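As provided, coords_29.cif (mmCIF, C-alpha atoms) reads as follows.
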```cif
data_coords
loop_
_atom_site.label_atom_id
_atom_site.label_comp_id
_atom_site.auth_asym_id
_atom_site.auth_seq_id
_atom_site.Cartn_x
_atom_site.Cartn_y
_atom_site.Cartn_z
CA MET W 394 86.61 69.38 64.03
CA ALA W 395 88.97 66.52 63.73
CA GLU W 396 90.42 66.34 60.36
CA ILE W 397 92.06 63.45 58.66
CA VAL W 398 94.91 64.41 56.52
CA SER W 399 95.83 61.87 53.99
CA GLN W 400 99.11 61.93 52.28
CA GLU W 401 99.64 59.95 49.24
CA HIS W 402 102.89 58.23 48.95
CA GLY W 403 102.52 56.84 45.54
CA LYS W 404 105.22 55.84 43.18
CA LYS W 405 104.52 56.30 39.60
CA GLY W 406 102.67 53.37 38.30
CA GLY W 407 103.79 51.33 41.24
CA LYS W 408 101.91 49.36 43.79
CA LYS W 409 98.65 50.33 45.35
CA THR W 410 98.88 53.64 47.18
CA LEU W 411 99.45 53.25 50.87
CA LYS W 412 97.50 55.77 52.86
CA LYS W 413 99.09 57.11 55.96
CA ARG W 414 96.55 58.79 58.14
CA LEU W 415 97.42 61.67 60.42
CA VAL W 416 94.73 62.77 62.86
CA ARG W 417 94.63 66.42 63.62
CA ILE W 418 92.34 67.92 66.19
CA ASP W 419 91.10 71.45 65.90
CA MET W 420 91.91 73.13 69.18
CA THR W 421 90.09 76.42 68.52
CA PRO W 422 86.96 75.73 70.61
CA MET W 423 89.14 74.60 73.49
CA VAL W 424 91.13 77.82 73.26
CA ASP W 425 87.89 79.80 73.27
CA LEU W 426 86.71 78.06 76.39
CA MET W 427 90.01 78.58 78.16
CA CYS W 428 90.04 82.25 77.25
CA LEU W 429 86.63 82.62 78.87
CA LEU W 430 87.67 80.79 82.02
CA ILE W 431 90.86 82.80 82.33
CA THR W 432 88.96 86.05 81.97
CA PHE W 433 86.51 84.92 84.62
CA PHE W 434 89.21 84.01 87.12
CA MET W 435 91.22 87.14 86.44
CA LEU W 436 88.24 89.37 87.08
CA THR W 437 87.10 87.57 90.21
CA THR W 438 90.55 87.53 91.79
CA ALA W 439 91.38 91.14 91.07
CA PHE W 440 88.20 92.72 92.34
CA SER W 441 86.94 90.49 95.10
CA LYS W 442 88.84 92.11 97.94
CA PRO W 443 86.73 94.58 99.88
CA LYS W 444 88.30 97.71 101.29
CA ILE W 445 88.35 98.91 104.85
CA MET W 446 88.09 102.26 106.52
CA GLU W 447 89.71 102.75 109.88
CA ILE W 448 88.02 104.54 112.73
CA ILE W 449 89.05 105.01 116.32
CA LEU W 450 86.37 105.85 118.83
CA PRO W 451 87.06 107.66 122.08
CA GLU W 452 87.49 105.24 124.94
CA LYS W 453 84.60 104.79 127.28
CA ILE W 454 85.01 105.91 130.84
CA LYS W 455 83.79 103.04 132.94
CA LYS W 456 84.87 103.84 136.47
CA GLU W 457 83.76 106.93 138.34
CA LYS W 458 87.31 107.51 139.53
CA GLU W 459 88.66 107.82 136.04
CA LYS W 460 86.17 110.47 135.15
CA GLN W 461 87.95 113.50 133.92
CA GLU W 462 86.89 116.82 132.65
CA ALA W 463 85.92 116.93 129.03
CA PRO W 464 88.64 118.51 126.90
CA LYS W 465 88.02 122.17 126.29
CA ILE W 466 87.64 123.06 122.66
CA ALA W 467 87.10 126.43 121.08
CA LYS W 468 83.41 127.05 120.51
CA SER W 469 83.98 128.98 117.32
CA ARG W 470 85.71 126.02 115.71
CA THR W 471 83.22 123.41 116.81
CA LEU W 472 80.90 122.04 114.19
CA ASN W 473 78.20 119.64 115.32
CA ILE W 474 76.85 117.29 112.69
CA ILE W 475 73.78 115.25 113.51
CA LEU W 476 72.76 112.42 111.22
CA GLY W 477 69.03 112.55 110.82
CA PRO W 478 66.43 110.21 109.36
CA GLU W 479 65.94 109.84 105.60
CA ASN W 480 69.58 110.69 104.78
CA LYS W 481 69.26 114.19 106.19
CA VAL W 482 72.18 115.90 107.83
CA LEU W 483 71.66 118.59 110.44
CA TRP W 484 74.33 120.87 111.75
CA TYR W 485 75.00 123.77 114.05
CA THR W 486 78.10 125.52 115.27
CA GLY W 487 79.26 126.12 118.79
CA ALA W 488 77.53 124.47 121.68
CA VAL W 489 74.14 124.53 123.39
CA ASP W 490 74.47 127.11 126.15
CA ASP W 491 70.87 127.52 127.12
CA PRO W 492 68.69 124.41 126.78
CA LYS W 493 65.60 126.59 126.52
CA ASN W 494 66.97 128.56 123.64
CA PRO W 495 69.06 126.19 121.51
CA PRO W 496 70.87 127.37 118.38
CA PRO W 497 68.94 126.80 115.17
CA LEU W 498 69.68 123.60 113.24
CA GLN W 499 70.47 123.78 109.53
CA VAL W 500 69.21 120.93 107.38
CA THR W 501 71.28 119.67 104.46
CA ASP W 502 72.08 116.35 102.75
CA PHE W 503 74.92 114.18 101.46
CA SER W 504 75.09 115.71 97.99
CA PRO W 505 78.31 117.46 96.89
CA THR W 506 76.59 120.82 97.36
CA GLY W 507 75.32 119.86 100.79
CA ILE W 508 77.51 118.85 103.68
CA ARG W 509 80.62 118.59 101.51
CA ALA W 510 80.46 122.23 100.43
CA LEU W 511 79.98 123.28 104.03
CA LEU W 512 82.94 121.26 105.26
CA LEU W 513 85.07 122.45 102.38
CA GLU W 514 84.19 126.05 103.18
CA ARG W 515 85.41 125.64 106.73
CA ASN W 516 88.40 123.47 106.00
CA ARG W 517 89.59 125.31 102.91
CA ALA W 518 93.07 126.20 104.15
CA LEU W 519 93.96 122.65 105.09
CA PHE W 520 92.28 121.13 102.05
CA LYS W 521 94.29 123.44 99.79
CA LYS W 522 97.51 122.46 101.53
CA ILE W 523 96.81 118.75 101.17
CA ASP W 524 95.69 119.17 97.57
CA GLN W 525 98.81 121.18 96.72
CA PHE W 526 100.96 118.56 98.38
CA ASN W 527 99.29 115.74 96.47
CA ASN W 528 99.71 117.60 93.19
CA ASP W 529 103.38 118.17 93.91
CA VAL W 530 103.85 114.48 94.56
CA ILE W 531 102.06 113.52 91.36
CA SER W 532 103.90 116.05 89.20
CA GLY W 533 107.22 115.04 90.70
CA LYS W 534 108.11 118.27 92.48
CA ILE W 535 108.39 116.38 95.72
CA VAL W 536 109.87 112.93 95.52
CA MET W 537 109.20 110.61 98.42
CA PRO W 538 108.18 107.01 98.94
CA ARG W 539 104.51 106.16 99.14
CA ASP W 540 104.53 105.39 102.84
CA SER W 541 105.87 108.76 103.85
CA VAL W 542 103.26 110.57 101.74
CA GLU W 543 100.60 109.45 104.17
CA ALA W 544 102.73 110.39 107.14
CA ALA W 545 103.36 113.83 105.64
CA ILE W 546 99.64 114.38 105.12
CA SER W 547 98.86 113.42 108.69
CA ARG W 548 101.58 115.83 109.82
CA LEU W 549 99.91 118.57 107.78
CA LYS W 550 96.65 117.71 109.52
CA LYS W 551 98.25 117.81 112.94
CA GLU W 552 99.83 121.20 112.39
CA ASP W 553 96.60 122.72 111.17
CA ASP W 554 94.79 124.93 113.65
CA THR W 555 92.20 126.67 111.53
CA GLY W 556 89.95 123.84 110.44
CA PRO W 557 86.79 122.86 112.26
CA ILE W 558 86.54 120.38 115.10
CA VAL W 559 83.72 118.15 113.99
CA LEU W 560 81.53 116.28 116.44
CA ILE W 561 79.44 113.64 114.73
CA LYS W 562 76.24 112.53 116.40
CA ALA W 563 73.51 110.22 115.23
CA TYR W 564 69.79 110.58 115.77
CA LYS W 565 67.73 107.39 116.15
CA GLY W 566 66.45 107.40 112.58
CA ALA W 567 69.89 107.40 110.97
CA ASN W 568 71.31 104.26 109.41
CA TYR W 569 74.74 102.68 109.13
CA GLY W 570 75.23 103.94 105.59
CA ASN W 571 74.92 107.55 106.81
CA PHE W 572 77.52 106.88 109.47
CA VAL W 573 80.01 105.55 106.93
CA ASP W 574 79.14 108.35 104.50
CA ILE W 575 79.89 111.10 107.00
CA LEU W 576 83.20 109.50 108.00
CA ASP W 577 83.97 109.23 104.32
CA GLU W 578 83.26 112.96 103.85
CA MET W 579 85.76 113.64 106.62
CA SER W 580 88.48 111.82 104.74
CA ILE W 581 87.48 113.34 101.39
CA ILE W 582 87.74 116.87 102.74
CA GLY W 583 90.70 116.01 104.95
CA ILE W 584 89.22 117.18 108.24
CA ALA W 585 91.98 116.98 110.81
CA ARG W 586 89.92 116.66 113.97
CA TYR W 587 86.69 114.75 114.17
CA THR W 588 85.13 112.26 116.47
CA PHE W 589 81.93 110.41 117.05
CA VAL W 590 80.04 111.21 120.25
CA ASP W 591 76.71 110.28 121.77
CA ILE W 592 73.79 112.54 121.05
CA SER W 593 72.40 114.48 124.01
CA TRP W 594 68.70 114.71 124.81
CA ILE W 595 68.71 118.42 124.05
CA GLU W 596 69.99 117.74 120.57
CA GLU W 597 67.42 115.00 120.07
CA GLN W 598 64.74 117.51 120.93
CA MET W 599 66.28 120.03 118.56
CA VAL W 600 66.16 117.48 115.73
CA GLU W 601 62.57 116.60 116.48
CA LYS W 602 61.59 120.26 116.56
CA THR W 603 63.38 121.10 113.33
CA LEU W 604 62.10 118.16 111.32
CA GLY W 605 58.65 118.23 112.89
CA ILE W 606 58.81 114.71 114.32
CA ALA W 607 56.54 114.06 117.25
CA PRO W 608 58.74 113.15 120.22
CA GLU W 609 58.36 109.55 121.33
CA GLN W 610 56.09 109.08 124.28
CA PRO W 611 57.84 107.29 127.11
CA ALA W 612 56.35 103.84 127.50
CA LYS W 613 53.94 103.47 130.40
CA LYS W 614 55.04 101.10 133.08
CA MET P 633 106.02 76.12 31.05
CA PRO P 634 104.86 73.98 33.84
CA LYS P 635 101.76 75.07 35.59
CA ILE P 636 102.14 76.42 39.06
CA LYS P 637 100.36 74.11 41.41
CA LEU P 638 98.20 75.98 43.85
CA PRO P 639 97.83 74.45 47.27
CA THR P 640 94.39 72.95 47.57
CA LYS P 641 94.44 72.54 51.32
CA GLN P 642 93.48 75.29 53.74
CA PRO P 643 96.25 76.56 55.98
CA PHE P 644 96.09 74.93 59.35
CA ILE P 645 97.28 76.70 62.47
CA ASP P 646 98.48 74.49 65.22
CA MET P 647 96.75 75.59 68.40
CA THR P 648 98.51 73.20 70.75
CA PRO P 649 101.11 75.65 72.17
CA MET P 650 98.35 78.18 72.76
CA VAL P 651 96.34 75.59 74.63
CA ASP P 652 99.40 74.76 76.70
CA LEU P 653 99.90 78.37 77.60
CA PHE P 654 96.28 78.89 78.47
CA SER P 655 96.15 75.79 80.64
CA LEU P 656 99.09 77.10 82.59
CA LEU P 657 97.48 80.48 83.09
CA LEU P 658 94.20 78.88 84.03
CA VAL P 659 95.81 76.66 86.64
CA PHE P 660 97.63 79.68 88.05
CA PHE P 661 94.47 81.73 88.37
CA ILE P 662 92.45 78.87 89.82
CA LEU P 663 95.05 78.28 92.48
CA THR P 664 95.49 81.94 93.41
CA ALA P 665 91.77 82.74 93.41
CA THR P 666 90.42 83.42 96.86
CA PHE P 667 86.71 83.05 96.84
CA ARG P 668 84.61 85.34 98.89
CA ALA P 669 82.87 83.42 101.62
CA GLN P 670 79.15 83.42 101.11
CA GLU P 671 77.47 85.49 103.78
CA PRO P 672 74.47 83.88 105.44
CA ALA P 673 72.50 87.09 105.04
CA PRO P 674 72.51 89.62 102.20
CA VAL P 675 74.80 92.50 103.15
CA ASP P 676 75.25 95.56 100.95
CA THR P 677 78.24 97.33 102.35
CA PRO P 678 78.35 101.13 102.06
CA PHE P 679 80.79 102.93 99.78
CA SER P 680 83.86 104.93 100.71
CA ILE P 681 87.00 106.30 99.11
CA SER P 682 89.29 104.19 101.26
CA GLU P 683 91.74 102.03 99.33
CA LYS P 684 93.09 99.95 102.17
CA PRO P 685 92.62 96.24 101.58
CA THR P 686 91.19 93.96 104.23
CA PRO P 687 93.81 92.16 106.29
CA ASP P 688 94.21 88.47 105.47
CA PHE P 689 94.48 87.27 109.03
CA ASN P 690 94.13 88.44 112.62
CA ASN P 691 90.77 89.76 111.65
CA MET P 692 87.46 89.25 113.38
CA ILE P 693 84.50 90.33 111.35
CA ILE P 694 81.18 91.25 112.84
CA VAL P 695 78.55 91.14 110.16
CA PHE P 696 75.17 92.73 110.69
CA SER P 697 72.33 92.62 108.25
CA ASN P 698 69.33 94.79 107.66
CA ASP P 699 67.08 92.58 109.82
CA LYS P 700 69.28 93.20 112.90
CA ARG P 701 70.86 89.75 112.87
CA VAL P 702 74.50 89.67 113.90
CA PHE P 703 77.06 87.19 112.62
CA PHE P 704 80.60 86.60 113.67
CA ASN P 705 83.62 85.35 111.79
CA VAL P 706 87.26 84.98 112.71
CA ASP P 707 90.21 83.47 110.91
CA ASN P 708 92.55 80.76 112.02
CA GLY P 709 95.46 83.14 112.40
CA PRO P 710 98.56 83.74 110.27
CA ASP P 711 99.48 80.07 110.51
CA THR P 712 96.85 77.37 110.11
CA LEU P 713 98.65 75.31 112.74
CA LEU P 714 97.61 77.88 115.32
CA LYS P 715 93.99 76.71 114.98
CA PHE P 716 92.43 79.73 116.64
CA ARG P 717 88.88 78.96 115.61
CA PRO P 718 88.43 75.63 117.41
CA LYS P 719 90.17 77.05 120.49
CA ILE P 720 87.78 79.97 120.62
CA LEU P 721 84.77 77.71 120.24
CA ALA P 722 86.02 75.39 122.97
CA GLU P 723 86.45 78.33 125.35
CA ILE P 724 82.97 79.65 124.70
CA GLY P 725 81.59 76.13 125.08
CA LYS P 726 83.20 75.96 128.50
CA GLN P 727 81.49 79.13 129.59
CA TYR P 728 78.08 77.90 128.49
CA ASN P 729 78.72 74.34 129.76
CA ILE P 730 78.73 72.78 126.32
CA GLU P 731 81.37 70.22 125.52
CA PHE P 732 82.30 70.09 121.85
CA THR P 733 83.76 66.91 120.44
CA GLU P 734 86.99 66.80 118.47
CA ALA P 735 85.08 66.23 115.23
CA GLU P 736 82.81 69.20 115.88
CA LEU P 737 85.77 71.46 116.58
CA ARG P 738 87.47 70.32 113.41
CA LYS P 739 84.33 71.01 111.45
CA PHE P 740 84.13 74.50 112.92
CA GLU P 741 87.75 75.11 111.96
CA LYS P 742 87.05 74.31 108.31
CA LEU P 743 83.92 76.42 108.11
CA ASN P 744 84.67 79.69 106.40
CA THR P 745 81.31 81.44 106.51
CA SER P 746 80.17 83.79 109.22
CA ILE P 747 78.41 82.17 112.13
CA GLY P 748 75.07 83.45 113.32
CA VAL P 749 74.04 80.58 115.54
CA PRO P 750 73.27 80.90 119.26
CA ILE P 751 75.74 78.79 121.18
CA GLU P 752 73.01 76.44 122.41
CA LYS P 753 72.26 75.47 118.82
CA MET P 754 75.90 75.21 117.74
CA LYS P 755 76.12 71.43 118.18
CA GLU P 756 73.05 70.93 116.05
CA PHE P 757 74.46 73.32 113.45
CA LEU P 758 77.80 71.55 113.23
CA ASN P 759 76.31 68.08 113.05
CA THR P 760 73.95 68.67 110.16
CA ASP P 761 74.87 68.65 106.51
CA ASP P 762 71.54 69.89 105.27
CA ALA P 763 71.98 73.44 103.96
CA SER P 764 68.35 74.37 104.60
CA VAL P 765 68.55 73.25 108.22
CA ARG P 766 71.73 75.25 108.59
CA ASP P 767 70.13 78.35 107.16
CA ALA P 768 67.19 77.99 109.51
CA LEU P 769 69.57 77.86 112.48
CA GLN P 770 71.31 81.09 111.48
CA THR P 771 69.09 83.30 113.59
CA GLY P 772 71.91 85.63 114.55
CA ILE P 773 74.10 85.72 117.64
CA PRO P 774 72.13 87.09 120.61
CA TYR P 775 73.51 90.46 121.73
CA ASP P 776 70.94 91.83 124.13
CA SER P 777 71.88 92.62 127.72
CA VAL P 778 70.30 89.43 129.11
CA ASN P 779 72.03 87.02 126.78
CA ASN P 780 75.08 88.73 125.35
CA GLN P 781 76.87 86.00 123.42
CA LEU P 782 78.47 88.43 120.99
CA SER P 783 80.40 89.87 123.91
CA ALA P 784 81.63 86.37 124.81
CA TRP P 785 82.78 85.77 121.23
CA VAL P 786 84.72 89.05 121.24
CA LEU P 787 86.20 88.40 124.66
CA TYR P 788 87.48 84.88 123.92
CA THR P 789 88.68 85.77 120.46
CA ARG P 790 90.82 88.51 121.96
CA GLN P 791 92.07 86.22 124.70
CA ILE P 792 93.15 83.52 122.28
CA ASN P 793 94.49 85.87 119.63
CA PRO P 794 95.59 89.18 121.19
CA ASN P 795 96.56 90.64 117.82
CA VAL P 796 93.08 90.45 116.41
CA VAL P 797 91.51 93.56 114.88
CA ALA P 798 87.78 94.11 114.78
CA SER P 799 86.09 94.73 111.44
CA LEU P 800 82.50 95.74 111.03
CA LYS P 801 80.72 94.68 107.90
CA GLY P 802 77.21 95.97 107.83
CA ASP P 803 74.34 96.58 105.51
CA ALA P 804 74.04 100.28 104.67
CA LYS P 805 70.37 100.22 105.63
CA THR P 806 70.86 98.96 109.17
CA ASP P 807 69.32 101.36 111.66
CA PHE P 808 71.76 103.22 113.85
CA PRO P 809 70.68 102.03 117.32
CA THR P 810 71.72 98.48 116.31
CA VAL P 811 75.12 99.74 115.18
CA ARG P 812 75.51 101.77 118.36
CA ARG P 813 74.68 98.67 120.42
CA ILE P 814 77.36 96.62 118.63
CA LEU P 815 79.91 99.40 119.05
CA ASP P 816 79.00 99.58 122.75
CA ILE P 817 79.55 95.85 123.20
CA LEU P 818 82.94 96.11 121.52
CA GLN P 819 83.94 99.16 123.54
CA ASP P 820 82.95 97.39 126.75
CA LYS P 821 85.59 94.85 125.81
CA ASN P 822 88.09 97.66 125.22
CA VAL P 823 88.02 97.48 121.43
CA ASN P 824 88.24 101.10 120.31
CA ARG P 825 89.75 100.67 116.89
CA PHE P 826 87.54 99.42 114.12
CA ASN P 827 87.81 98.67 110.46
CA LEU P 828 84.65 99.37 108.56
CA VAL P 829 84.37 97.15 105.50
CA THR P 830 83.32 99.20 102.50
CA ASN P 831 83.28 99.13 98.74
CA LEU P 832 85.50 101.44 96.80
CA LYS P 833 83.98 104.47 95.13
CA ALA P 834 86.07 107.18 93.57
CA VAL P 835 85.11 110.72 94.49
CA LYS P 836 86.58 113.81 92.96
CA VAL P 837 86.14 117.08 94.77
CA GLU P 838 85.51 119.81 92.25
CA GLU P 839 88.34 122.26 91.87
CA GLU P 840 85.93 125.18 91.34
CA ASN P 841 84.80 124.83 94.90
CA ILE P 842 88.26 125.75 96.10
CA GLN P 843 88.82 128.57 93.68
CA GLN P 844 85.58 130.33 94.57
CA GLN P 845 87.29 131.95 97.52
#
```

What does this structure look like when you write it as structure tokens?
Amino acid sequence: MAEIVSQEHGKKGGKKTLKKRLVRIDMTPMVDLMCLLITFFMLTTAFSKPKIMEIILPEKIKKEKEKQEAPKIAKSRTLNIILGPENKVLWYTGAVDDPKNPPPLQVTDFSPTGIRALLLERNRALFKKIDQFNNDVISGKIVMPRDSVEAAISRLKKEDDTGPIVLIKAYKGANYGNFVDILDEMSIIGIARYTFVDISWIEEQMVEKTLGIAPEQPAKK
Amino acid sequence: MPKIKLPTKQPFIDMTPMVDLFSLLLVFFILTATFRAQEPAPVDTPFSISEKPTPDFNNMIIVFSNDKRVFFNVDNGPDTLLKFRPKILAEIGKQYNIEFTEAELRKFEKLNTSIGVPIEKMKEFLNTDDASVRDALQTGIPYDSVNNQLSAWVLYTRQINPNVVASLKGDAKTDFPTVRRILDILQDKNVNRFNLVTNLKAVKVEEENIQQQ
């Protein structure tokens, strides 16, 4: 570690040699330690910030007076996604016209070949447009600042009128992770119109029937 | 010919400038490091592709864990002189007829973890220094319809700091009815815009899927 360097200042055949001692400290272990600490702090500062995902829910109608008619949307474009238990995703198109004879539910999951393929199939035109736009930005065909890229994409979404209108509903057995996952799928595929709505009792029954869950008995009072 | 004298000593590299440099860097990183506040309950946030960072201030975070406990956290605002946290606590105390002392309010201001203590136990929580007692008191903020303290927290936070944005930070395994209940409470207080706190996960959509057409 510390090393004592002695230098001899002797004159030939002169007096006794006078030793001048210089203390030198080896700094290498200290450098090692500091390197480690710096690495630690660099890694913790750079990656500690969690990300956020924005979501806007439709406002609740509280007063009777404010009640307005539900917006009319084309049945053919409507895609209902119900989050089921055990990471299952159920979906049907259109709406329930006859409660006694509901449309069949399709069961799928969160894998890339599951719900993502389905959404991609229906949203292909818009997805292609957004993808093309992103590629153009990356390759330098279109030059614009970062902020306006997002605005341009949301304009593309607004103009689109072929993609599905997705209504997301959650059955009792679903968990929070499913909810975030499905919203994430929406942004991956670039679905222009989606919202989260309450599940109706008919749909609950449809889920129970499809998955073979015994409906909950109402508690006796 | 005189012999060439070979140096007998080993070469010695002076490390001092390197140490100087590293100390500087180290000090810089220590000062800029923002440590994540320890959550009172384990929360595994779900993954998403979103790359938006969490806002530094004007942010109220509602944390919910797998065991249905709900915690609340809010910052002091863009300027620490604003002291939003003690103001919010004082307002809530007023509603529940609890008077907090100056020292208790100051202690609450400094606290940077999420709070999951019913308001009746808050005094006890602020006056103890024992970590195990504190943990035992973190039973979650009540949010049922009889005793809806979460709603009070949201209401007063928005009154004191109108620019606040709600963030939800939840465990991915939390059952949906709990989440729905929290969303309902927030929507009752006219909060319709949420930030969901997630971890980043890159997803690439396969090109073949598009070309199949």

Exercise: P:Leu800 partners within 7 Å, all atoms listed in the file, chain neighbours under 6 positions left out, as a short mmCIF file (atom, residue, chain, number, x, y, z; two decimals) with C-alpha atoms, in the frame of the given file:
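Result written to out.cif:
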```cif
data_model
loop_
_atom_site.label_atom_id
_atom_site.label_comp_id
_atom_site.auth_asym_id
_atom_site.auth_seq_id
_atom_site.Cartn_x
_atom_site.Cartn_y
_atom_site.Cartn_z
CA ILE P 693 84.50 90.33 111.35
CA ILE P 694 81.18 91.25 112.84
CA VAL P 695 78.55 91.14 110.16
CA PHE P 826 87.54 99.42 114.12
CA ASN P 827 87.81 98.67 110.46
CA LEU P 828 84.65 99.37 108.56
CA VAL P 829 84.37 97.15 105.50
#
```

Expected selection from the PyMOL selection byres ((chain P) within 6 of (chain W)), given as a PDB file with C-alpha atoms, in the coordinates of the input:
```pdb
ATOM      1  CA  MET P 647      96.750  75.590  68.400  1.00  0.00           C
ATOM      2  CA  VAL P 651      96.340  75.590  74.630  1.00  0.00           C
ATOM      3  CA  LEU P 658      94.200  78.880  84.030  1.00  0.00           C
ATOM      4  CA  PHE P 661      94.470  81.730  88.370  1.00  0.00           C
ATOM      5  CA  ALA P 665      91.770  82.740  93.410  1.00  0.00           C
ATOM      6  CA  PRO P 678      78.350 101.130 102.060  1.00  0.00           C
ATOM      7  CA  SER P 680      83.860 104.930 100.710  1.00  0.00           C
ATOM      8  CA  SER P 682      89.290 104.190 101.260  1.00  0.00           C
ATOM      9  CA  GLU P 683      91.740 102.030  99.330  1.00  0.00           C
ATOM     10  CA  LYS P 684      93.090  99.950 102.170  1.00  0.00           C
ATOM     11  CA  PRO P 685      92.620  96.240 101.580  1.00  0.00           C
ATOM     12  CA  THR P 686      91.190  93.960 104.230  1.00  0.00           C
ATOM     13  CA  ALA P 804      74.040 100.280 104.670  1.00  0.00           C
ATOM     14  CA  LYS P 805      70.370 100.220 105.630  1.00  0.00           C
ATOM     15  CA  THR P 806      70.860  98.960 109.170  1.00  0.00           C
ATOM     16  CA  ASP P 807      69.320 101.360 111.660  1.00  0.00           C
ATOM     17  CA  PHE P 808      71.760 103.220 113.850  1.00  0.00           C
ATOM     18  CA  ASN P 824      88.240 101.100 120.310  1.00  0.00           C
ATOM     19  CA  ARG P 825      89.750 100.670 116.890  1.00  0.00           C
ATOM     20  CA  PHE P 826      87.540  99.420 114.120  1.00  0.00           C
ATOM     21  CA  ASN P 827      87.810  98.670 110.460  1.00  0.00           C
ATOM     22  CA  LEU P 828      84.650  99.370 108.560  1.00  0.00           C
ATOM     23  CA  VAL P 829      84.370  97.150 105.500  1.00  0.00           C
ATOM     24  CA  THR P 830      83.320  99.200 102.500  1.00  0.00           C
ATOM     25  CA  ASN P 831      83.280  99.130  98.740  1.00  0.00           C
TER      26      ASN P 831
END
```

Evaluate the PyMOL selection byres ((chain W and resi 551-553) around 10) and report residues as a ChimeraX atom specification: /W:516,518-519,522,545-550,554-557,584-586

Hits of the PyMOL selection byres ((chain P and resi 834) around 6) in this structure, as a ChimeraX atom specification: /P:681,833,835

Which distance in Å separates atom CA of P:Gly802 and atom CA of W:Asn480, to one decimal? 16.9 Å

Near W:Ile535, within 12 Å and counting all atoms listed in the file, which residues show up once chain neighbours fewer than 6 positions away are dropped, as a count of residues only? 8

Write out as a PyMOL selection string which residues come within 7 Å of P:Val797 when counting all atoms listed in the file, dropping same-chain ones fewer than 2 positions away. chain P and resi 690-692+795+799

For stretch 720-723 of chain P, work out the shell of residues within 12 Å, counting all atoms listed in the file and skipping chain neighbours fewer than 2 positions away, then give it as JSON, numbers by chain. {"P": [692, 704, 705, 706, 707, 708, 709, 714, 715, 716, 717, 718, 725, 726, 727, 728, 729, 730, 731, 732, 733, 734, 736, 737, 738, 739, 740, 741, 747, 750, 751, 754, 755, 758, 781, 784, 785, 786, 787, 788, 789, 790, 791, 792, 793]}

Rounded to one decimal place, report the atom CA of P:Ser746-atom CA of P:Asp820 distance in Å.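 We find that atom CA of P:Ser746 and atom CA of P:Asp820 lie 22.4 Å from each other.
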
Atomic separation - atom CA of P:Asp699 relative to atom CA of P:Val811, Å: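 The value is 12.0 Å.
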
Kindly provide, as JSON, the centre and edge lengths (Å, one decimal) of an axis-aligned box around all atoms of stretch 475-488 of chain W given in the file, with 4 Å on each side.
```
{"center_x": 72.6, "center_y": 118.0, "center_z": 113.2, "size_x": 21.3, "size_y": 24.3, "size_z": 24.9}
```

Quick one: everything within 6 Å of stretch 765-771 of chain P, counting only C-alpha atoms, minus sequence neighbours fewer than 3 positions away in the same chain. Send it as number ranges by chain. P: 748-749, 757, 762

Go ahead and save the picked residues with C-alpha atoms, as an mmCIF file, in the frame of the given file.
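Now in result-v6.cif:
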```
data_model
loop_
_atom_site.group_PDB
_atom_site.id
_atom_site.type_symbol
_atom_site.label_atom_id
_atom_site.label_comp_id
_atom_site.auth_asym_id
_atom_site.auth_seq_id
_atom_site.Cartn_x
_atom_site.Cartn_y
_atom_site.Cartn_z
ATOM 1 C CA GLY P 748 75.070 83.450 113.320
ATOM 2 C CA VAL P 749 74.040 80.580 115.540
ATOM 3 C CA PHE P 757 74.460 73.320 113.450
ATOM 4 C CA ASP P 762 71.540 69.890 105.270
#
```

Between W:Gly487, W:Pro496, W:Gly477, W:Pro422, which is the closest to W:Leu560 once you count only C-alpha atoms?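 Of W:Gly487, W:Pro496, W:Gly477, W:Pro422, the one nearest W:Leu560, counting only C-alpha atoms, is W:Gly487.
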